[in-house]
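Down below is the structure, laid out as structure tokens.
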Amino acid sequence: MSTIIVSFLNFIDRDHYATYAAMAGKILMRDGVKIIVNDENPTVVAGDDSIDKVVVLEFRDDDHMMAVLGSDEYKAAMVYREKAIKMRSVKVDRFEMPS
């Protein structure tokens with residue numbers, strides 16, 4: 001079963017974010033991660049509206065997620081991410097309609 005990560009971002013430094021996004025994007029694409037949502041203009045329909053961006057990533061499974069996010073290359077990109085954004089990420093399960 002695939003692993004889905006939903007992230008809610010607030011920008012601190014867009015220049016650092018651009019560097020992070022360029023580095024991370026190459027890694028995610030190369031390693032077969034599906035970028036389901038990459039929205040810098042999300043519409044909040046309920047709750048706190050202080051969200052600058054929403055990102056949804058789909059990995060093949062938990063092992064794939066851990067391999068990609070735990071790689072030395074991704075850790076190097078995280079240095080820029082930590083300076084660029086405040087982020088809350090959650091792992092969620094895909095809903096499967098019962099038959």
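Please note that chains go A, B, ... in the order of the structure tokens, that every chain numbers its residues from 1, and that ligands are numbered from 1 in the order shown.
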Problem set entry | Exercise: Leu57 in chain A partners within 8 Å, only C-alpha atoms, chain neighbours under 6 positions left out, as JSON, numbers by chain | {"A": [4, 5, 6, 33, 34, 35, 36, 37]}
For this session: List every residue of chain A that DSSP, applied to the backbone of this structure, assigns to helix (DSSP H, G or I), and report them as a PyMOL selection string.
Result: chain A and resi 14-30+62-69+72-84
Selected residues written out, C-alpha atoms, as a short mmCIF file (atom, residue, chain, number, x, y, z; two decimals), in the first residue's frame:
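The resulting file, out.cif, is reproduced below:
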data_model
loop_
_atom_site.label_atom_id
_atom_site.label_comp_id
_atom_site.auth_asym_id
_atom_site.auth_seq_id
_atom_site.Cartn_x
_atom_site.Cartn_y
_atom_site.Cartn_z
CA ARG A 14 11.59 32.08 0.05
CA ASP A 15 15.17 32.16 -1.27
CA HIS A 16 16.15 29.25 0.95
CA TYR A 17 12.90 27.53 -0.02
CA ALA A 18 13.74 27.86 -3.72
CA THR A 19 17.09 26.16 -3.08
CA TYR A 20 15.43 23.40 -1.05
CA ALA A 21 12.68 22.88 -3.65
CA ALA A 22 15.19 22.58 -6.49
CA MET A 23 17.29 20.04 -4.57
CA ALA A 24 14.38 18.05 -3.17
CA GLY A 25 12.41 18.09 -6.42
CA LYS A 26 15.23 16.39 -8.31
CA ILE A 27 15.52 13.72 -5.62
CA LEU A 28 11.78 13.07 -5.44
CA MET A 29 11.39 12.84 -9.21
CA ARG A 30 14.46 10.64 -9.64
CA ASP A 62 6.91 3.11 4.10
CA ASP A 63 10.29 1.63 3.15
CA HIS A 64 10.42 3.80 0.03
CA MET A 65 9.55 6.89 2.10
CA MET A 66 12.25 6.14 4.68
CA ALA A 67 14.86 5.48 1.98
CA VAL A 68 14.16 8.74 0.14
CA LEU A 69 13.75 11.01 3.17
CA ASP A 72 22.21 11.79 2.47
CA GLU A 73 21.11 13.86 -0.53
CA TYR A 74 17.74 14.66 1.02
CA LYS A 75 19.34 15.43 4.38
CA ALA A 76 21.54 18.01 2.59
CA ALA A 77 18.40 19.63 1.15
CA MET A 78 16.78 19.67 4.60
CA VAL A 79 19.40 22.18 5.79
CA TYR A 80 17.75 24.72 3.47
CA ARG A 81 14.23 23.56 4.33
CA GLU A 82 14.79 24.18 8.03
CA LYS A 83 15.80 27.79 7.27
CA ALA A 84 12.98 28.29 4.77
#
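Atom to atom, CA of Glu96 in chain A and CA of Arg60 in chain A stand 16.0 Å apart.
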Exercise. What is the CA of Asp52 in chain A to CA of Val90 in chain A distance in Å?
Worked result: 16.5 Å
Exercise. Separation of CA of Glu40 in chain A and CA of Val56 in chain A, in Å?
Worked result: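 Calculated distance between CA of Glu40 in chain A and CA of Val56 in chain A is 12.1 Å.
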For this session: Would you mind writing down, as number ranges by chain, each residue of chain A that DSSP on the backbone assigns to strand (DSSP E or B)?
Result: A: 3-11, 34-39, 53-59, 85-92
